[in-house]
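K.L.:
Before I ask anything, let me first share the structure, which is written out below as structure tokens.
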Amino acid sequence: MNDYLSRLNAEQREAVETVDGPLLVLAGAGTGKTRVLTTRFAHILLTGRAFPNQVLAVTFTNKAAREMRERVSAILGRPAEGLWLGTFHALCARMLRRHADLVGLSSSFNILDTDDQLRLLKQVMEAGRVDAKRWVPQALMAIIQRWKDRGLTPERVTPAEDTDFADGKARTLYAAYQERLHALNAADFGDLLLYMTEILRGHPDVLAQYHRMFPYILVDEYQDTNLVQYLWLRLLAQAHKNICCVGDDDQSIYSWRGAEVENILRFEKDFPGARIIRLERNYRSTAPILAAASGLIAHNEGRLGKTLRPGGNDADGERVTVVSLWDSDEEARMVGERIESLRRDGHALAEMAVLMRAGFQTRAFEERLITLAIPYRVVGGLRFYERAEIRDAIAYARMLHQPADDLAFERIVNVPRRGVGEQALRAMHERARERQIPLSAAALSLAEEGALRGKVRDAIKELFAGFARWRELLERDGHVVTLATLLDESGYTEMWKQDKSADAPGRLENLKELVRAVADFDTLAGFLDHVSLVMENEESAESDRVGLMTLHAAKGLEFDTVFLPGWEEGLFPSQRTMDESGAKGLEEERRLAYVGLTRARRRAIVSHAANRRIYANWQSSIPSRFIDELPDAQVERSGSAALQRDRMIAAPSFGGAGFGGQFPMVARRPVRTIEAWEQPARPARADAIPVGARVFHQKFGYGTVTAAEDDKLDIAFDKAGAKRVLDRFVERAK
DNA sequence: TCAAGGTCTGTTTTT
DNA sequence: CAGACCTTGA
């Protein structure tokens with residue numbers, strides 16, 4: 001019966017069973033953090049301490065929330081329903097809908113995403129006569145976000161806080177922005193937390209209500225919380241103090257996004273008598289990998305102190321490999337070859353990943369893997385609801401739901417093209433301001449008065465006739481049918497059908513997927529909430545593919561084999577981070593390296609290249625200091641770094657704007673290695689592909705060759721449209 | 001209004 | 001180099 005407890009080690013069990021009172025669990029990488037959290041959740045329920053809806057469980061990502069829900073259900077042996085389990089934002093949105101009036105919103109408020117925010121800010125800046133060329137709106141957005149991260153409403157921002165943006169106008173602009181949001185009955189992501197915290201601070205009755213509702217609180221990834229999130233949690237936990245936070249200060253890699261590791265240190269102060277339990281037994285990685293990671297992170301100061309120890313399996317395992325290479329091409333080749341050889345030995349591709357510092361680095365590996373015909377998946381990138389077509393479709397849906405949604409109206413009024421340009425839009429804005437009416441109403445009145453010219457007027461009238469029809473349809477046939485009809489009748493689907501670009505078919509697919517997804521919701525409103533807070537990219541089929549992703553995206557994942565390329569000064573640690581955040585920045589970079597290494601179960605291959613192509617030209621770089629910080633005993637170095645160093649010294653060097661101009665630039669074009677000379681750059685192919693041939697490309701699919709020049713082929717792809725690609729990236733189709 | 005050409009600028013990302 | 005963004009000209 002206590003079966004679920006028997007699967008835990010002593011510390012884990014303690015963390016699960018210490019149910020009452022504040023508890024901080026410092027869980028090192030791979031020490032069973034999620035297991036503790038989910039088991040604890042289930043334990044609280046199974047011991048009858050609380051009903052499922054009395055535990056507030058908070059995560060950062062939807063993925064983590066989903067996972068937790070599944071695992072709790074698994075322990076309970078039945079689907080866990082009625083839980084308050086979700087991201088900070090989703091939970092706050094849910095709460096805020098009940099108290100929206102307390103902050104001057106109606107409960108049907110819209111949640112704006114980054115795109116809407118930015119457009120709104122631009123308008124606010126324009127109205128405030130701030131030159132958008134001198135001061136980029138993005139910078140203001142970042143400032144406002146940081147303020148919100150710290151729980152600062154415009155009134156709480158002191159003049160001293162007001163940075164030098166637009167000569168100290170940021171605070172005023174922030175206030176104006178909030179006013180606009182109110183006028184639109186909208187909140188941005190930051191507002192969800194900011195408002196809820198304000199409400200809990202200012203309304204003891206509401207606070208007391210939540211204290212009764214949630215006798216238990218669980219928090220995942222605590223090291224990533226920012227100040228408002230912390231304040232929100234503290235308010236909610238204040239009465240009963242049954243709060244359990246799980247985190248790892250060594251894996252704090254989001255300070256640039258407002259996260260404050262200090263929240264971990266503060267925990268004991270705010271909750272006197274808090275228990276602290278350390279989970280240090282790692283069940284994921286081999287001893288050498290753990291030792292290497294520990295040795296590296298030991299270079300950081302101000303840690304809470306944790307040492308990962310091998311959990312079960314004995315101390316064997318391959319040492320961490322450090323490979324020195326001449327240039328980035330060689331690095332990509334090395335990684336490709338090793339993946340191939342592991343694959344030959346029967347290792348699954350899905351158990352391998354290439355983790356890098358920045359997104360642009362994926363490209364080199366993508367190209368290499370395409371030539372080797374190794375399937376891969378790029379993790380990250382655009383999320384589903386960030387795609388233009390999805391955002392457009394959602395804007396249409398929002399107009400249906402709330403005709404006064406100015407931002408949605410502005411987005412779709414000329415998509416597809418209706419001839420509504422800058423001028424017409426300006427007239428609408430003017431009218432809307434004059435009469436204090438929504439933009440759409442202004443547009444309609446202008447059209448009816450004939451203030452808009454023929455074509456534009458007809459188009460606007462037709463659009464409104466459409467919306468009238470679709471709203472009727474919504475009443476009668478429900479939201480699924482309506483959305484599909486709307487997309488067709490508005491000409492939106494047609495627009496993409498006419499579009500000849502390569503991604504148009506994919507976009508149409510996405511739109512279909514969207515309509516399918518709407519069917520999962522009872523109401524349009526429910527769907528709209530989901531879409532702005534939760535909707536993610538459905539990962540295509542669980543097929544066997546190598547993962548390519550940033551180190552940030554890799555957090556929380558694990559693989560048998562992990563490749564860590566690009567460990568060079570300037571790139572990793574990133575020069576920019578060090579310039580901006582100094583010693584603190586460097587420590588965060590080191591934690592990122594630690595996160596990377598601890599993703600590996602059995603093998604970690606670190607590499608660096610002496611020369612790398614950045615933008616147009618070649619630059620040389622020296623190995624990352626993190627490589628030197630790996631304990632020698634755990635590391636096997638290969639690729640004759642010494643030789644590389646000699647060459648770098650021998651090469652003519654000149655200063656220049658490199659990575660911050662710090663590093664000696666060596667050869668503009670690297671001297672090729674002997675190995676590279678032996679391999680002709682372009683292997684002459686006897687089987688040159690003739691014009692008219694049917695070919696297959698890993699990324700673009702099937703197509704027909706329309707022209708050939710040297711090794712470049714012009715191909716009309718069936719799905720992806722016309723492209724020019726190198727012949728070695730395609731194979732002839734049978 | 002819109003397509004074509006020119007300039008600029010290059011982290012990390014969730015909600 | 002390559003994508004994003006903006007200005008320009010029709």
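By convention in this document, the chains of the structure tokens carry letters A, B, ... by their order, each chain's residues are numbered from 1, and ligands are numbered from 1 in the order they are shown.
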Quick check: residues of chain C within 12 Å of chain A, only C-alpha atoms (C1' of nucleotides), returned as a list in words.
P.N.:
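Result: DC1, DA2, DG3, DC5 and DC6 of chain C.
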K.L.:
Write out as a ChimeraX atom specification which residues come within 8 Å of segment 206-210 of chain A when counting only C-alpha atoms (C1' of nucleotides), dropping same-chain ones fewer than 4 positions away.
P.N.:
/A:199-201,214,235-236
K.L.:
I need the residues from that last selection saved to file as an mmCIF file, in the first residue's frame (with all heavy atoms), if you can.
P.N.:
data_model
loop_
_atom_site.group_PDB
_atom_site.id
_atom_site.type_symbol
_atom_site.label_atom_id
_atom_site.label_comp_id
_atom_site.auth_asym_id
_atom_site.auth_seq_id
_atom_site.Cartn_x
_atom_site.Cartn_y
_atom_site.Cartn_z
ATOM 1 N N ILE A 199 -3.809 42.262 -5.821
ATOM 2 C CA ILE A 199 -5.094 41.933 -5.200
ATOM 3 C C ILE A 199 -4.886 41.248 -3.847
ATOM 4 O O ILE A 199 -5.517 41.595 -2.852
ATOM 5 C CB ILE A 199 -5.932 41.040 -6.148
ATOM 6 C CG1 ILE A 199 -6.417 41.863 -7.353
ATOM 7 C CG2 ILE A 199 -7.130 40.440 -5.411
ATOM 8 C CD1 ILE A 199 -7.060 41.045 -8.446
ATOM 9 N N LEU A 200 -3.961 40.296 -3.821
ATOM 10 C CA LEU A 200 -3.725 39.575 -2.570
ATOM 11 C C LEU A 200 -3.145 40.502 -1.505
ATOM 12 O O LEU A 200 -3.413 40.368 -0.323
ATOM 13 C CB LEU A 200 -2.787 38.388 -2.808
ATOM 14 C CG LEU A 200 -3.300 37.285 -3.746
ATOM 15 C CD1 LEU A 200 -2.261 36.196 -3.907
ATOM 16 C CD2 LEU A 200 -4.610 36.705 -3.246
ATOM 17 N N ARG A 201 -2.345 41.466 -1.968
ATOM 18 C CA ARG A 201 -1.765 42.432 -1.036
ATOM 19 C C ARG A 201 -2.831 43.344 -0.442
ATOM 20 O O ARG A 201 -2.804 43.681 0.732
ATOM 21 C CB ARG A 201 -0.786 43.352 -1.780
ATOM 22 C CG ARG A 201 0.640 42.886 -1.834
ATOM 23 C CD ARG A 201 1.396 43.889 -2.693
ATOM 24 N NE ARG A 201 2.808 43.621 -2.747
ATOM 25 C CZ ARG A 201 3.645 44.277 -3.560
ATOM 26 N NH1 ARG A 201 3.188 45.206 -4.378
ATOM 27 N NH2 ARG A 201 4.932 43.998 -3.556
ATOM 28 N N PHE A 214 -6.325 26.637 -0.388
ATOM 29 C CA PHE A 214 -5.099 25.871 -0.646
ATOM 30 C C PHE A 214 -4.247 25.663 0.604
ATOM 31 O O PHE A 214 -3.288 26.396 0.842
ATOM 32 C CB PHE A 214 -4.248 26.586 -1.701
ATOM 33 C CG PHE A 214 -4.952 26.807 -2.995
ATOM 34 C CD1 PHE A 214 -5.084 28.079 -3.517
ATOM 35 C CD2 PHE A 214 -5.487 25.739 -3.708
ATOM 36 C CE1 PHE A 214 -5.733 28.294 -4.724
ATOM 37 C CE2 PHE A 214 -6.142 25.940 -4.912
ATOM 38 C CZ PHE A 214 -6.267 27.225 -5.427
ATOM 39 N N LEU A 235 2.576 35.292 -0.246
ATOM 40 C CA LEU A 235 1.258 35.700 0.233
ATOM 41 C C LEU A 235 0.340 34.490 0.412
ATOM 42 O O LEU A 235 -0.344 34.355 1.423
ATOM 43 C CB LEU A 235 0.628 36.686 -0.759
ATOM 44 C CG LEU A 235 1.164 38.118 -0.693
ATOM 45 C CD1 LEU A 235 0.885 38.846 -2.005
ATOM 46 C CD2 LEU A 235 0.531 38.861 0.471
ATOM 47 N N LEU A 236 0.361 33.622 -0.555
ATOM 48 C CA LEU A 236 -0.540 32.477 -0.519
ATOM 49 C C LEU A 236 -0.176 31.480 0.575
ATOM 50 O O LEU A 236 -1.021 30.755 1.082
ATOM 51 C CB LEU A 236 -0.563 31.774 -1.882
ATOM 52 C CG LEU A 236 -1.260 32.529 -3.017
ATOM 53 C CD1 LEU A 236 -1.005 31.852 -4.345
ATOM 54 C CD2 LEU A 236 -2.770 32.613 -2.746
#
K.L.:
Just the residues within 12 Å of segment 6-11 of chain B, please, counting only C-alpha atoms (C1' of nucleotides), with nothing from its chain fewer than 3 positions along; format it as a PyMOL selection string.
P.N.:
(chain A and resi 256+356-361+550-552+570-578+580+589+614-616+659) or (chain C and resi 1-8)
K.L.:
Given only C-alpha atoms (C1' of nucleotides), how would the per-residue table for chain A near chain B read, listing every residue at most 7 Å away with its closest atom pair and distance in Å to one decimal, sorted by chain and number, as a Markdown table?
P.N.:
| residue | atom | partner | partner_atom | distance |
| --- | --- | --- | --- | --- |
| A:Thr61 | CA | B:DT14 | C1' | 6.6 |
| A:His89 | CA | B:DT15 | C1' | 6.1 |
| A:Phe189 | CA | B:DT15 | C1' | 6.0 |
| A:Ala358 | CA | B:DT11 | C1' | 5.9 |
| A:Gly419 | CA | B:DT1 | C1' | 6.8 |
| A:Gly421 | CA | B:DT1 | C1' | 6.6 |
| A:Leu533 | CA | B:DT15 | C1' | 6.1 |
| A:His552 | CA | B:DT12 | C1' | 6.5 |
K.L.:
Report the residues of segment 321-395 of chain A whose backbone DSSP state falls under strand (DSSP E or B), written as a PyMOL selection string.
P.N.:
chain A and resi 321-327+352-356+376-378
K.L.:
Write the residues of the selection above to a file with N, CA, C and O atoms, as a short mmCIF file (atom, residue, chain, number, x, y, z; two decimals), in the first residue's frame.
P.N.:
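Full text of out-v2.cif as output:
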data_model
loop_
_atom_site.label_atom_id
_atom_site.label_comp_id
_atom_site.auth_asym_id
_atom_site.auth_seq_id
_atom_site.Cartn_x
_atom_site.Cartn_y
_atom_site.Cartn_z
N THR A 321 34.89 13.37 -23.26
CA THR A 321 35.84 13.61 -24.35
C THR A 321 35.87 15.08 -24.71
O THR A 321 34.81 15.71 -24.85
N VAL A 322 37.08 15.62 -24.84
CA VAL A 322 37.21 16.98 -25.34
C VAL A 322 37.94 16.91 -26.67
O VAL A 322 39.05 16.40 -26.75
N VAL A 323 37.31 17.37 -27.72
CA VAL A 323 37.92 17.30 -29.04
C VAL A 323 38.27 18.70 -29.55
O VAL A 323 37.41 19.58 -29.58
N SER A 324 39.52 18.87 -29.94
CA SER A 324 39.95 20.14 -30.52
C SER A 324 39.95 20.02 -32.03
O SER A 324 40.44 19.05 -32.57
N LEU A 325 39.36 21.01 -32.69
CA LEU A 325 39.27 20.92 -34.14
C LEU A 325 39.76 22.19 -34.79
O LEU A 325 39.86 23.23 -34.13
N TRP A 326 40.08 22.07 -36.07
CA TRP A 326 40.64 23.21 -36.77
C TRP A 326 39.57 24.28 -37.04
O TRP A 326 39.73 25.43 -36.74
N ASP A 327 38.46 23.86 -37.60
CA ASP A 327 37.42 24.85 -37.82
C ASP A 327 36.03 24.27 -37.60
O ASP A 327 35.88 23.08 -37.33
N MET A 352 20.55 10.66 -28.67
CA MET A 352 21.69 11.55 -28.88
C MET A 352 21.18 12.97 -29.09
O MET A 352 20.10 13.18 -29.65
N ALA A 353 21.97 13.91 -28.62
CA ALA A 353 21.57 15.30 -28.82
C ALA A 353 22.80 16.19 -28.96
O ALA A 353 23.85 15.90 -28.40
N VAL A 354 22.66 17.22 -29.76
CA VAL A 354 23.70 18.23 -29.89
C VAL A 354 23.17 19.49 -29.19
O VAL A 354 22.14 20.02 -29.59
N LEU A 355 23.86 19.91 -28.15
CA LEU A 355 23.39 21.05 -27.36
C LEU A 355 24.33 22.23 -27.54
O LEU A 355 25.52 22.11 -27.32
N MET A 356 23.79 23.35 -27.97
CA MET A 356 24.68 24.50 -28.19
C MET A 356 24.20 25.77 -27.50
O MET A 356 23.08 25.85 -27.03
N TYR A 376 16.99 14.22 -37.99
CA TYR A 376 17.19 15.04 -36.80
C TYR A 376 15.93 15.84 -36.53
O TYR A 376 15.05 15.92 -37.36
N ARG A 377 15.86 16.40 -35.34
CA ARG A 377 14.77 17.31 -35.04
C ARG A 377 15.34 18.53 -34.33
O ARG A 377 16.19 18.41 -33.46
N VAL A 378 14.91 19.68 -34.77
CA VAL A 378 15.34 20.91 -34.12
C VAL A 378 14.30 21.24 -33.06
O VAL A 378 13.13 21.43 -33.37
#
K.L.:
Between atom CA of Glu569 of chain A and atom CA of Lys584 of chain A, measure the distance and give it in Å to one decimal.
P.N.:
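A separation of 16.2 Å between them.
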K.L.:
How far is it from atom CA of Ala604 of chain A to atom CA of Val562 of chain A, in Å with one decimal?
P.N.:
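If I compute the distance from atom CA of Ala604 of chain A to atom CA of Val562 of chain A, I get 4.9 Å.
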K.L.:
Restricting the calculation to only C-alpha atoms: of A:Asp392, A:Asp205, A:Glu351, A:Asp149, which residue gets closest to His99 of chain A?
P.N.:
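With only C-alpha atoms as the atom set, the closest residue is A:Asp205.
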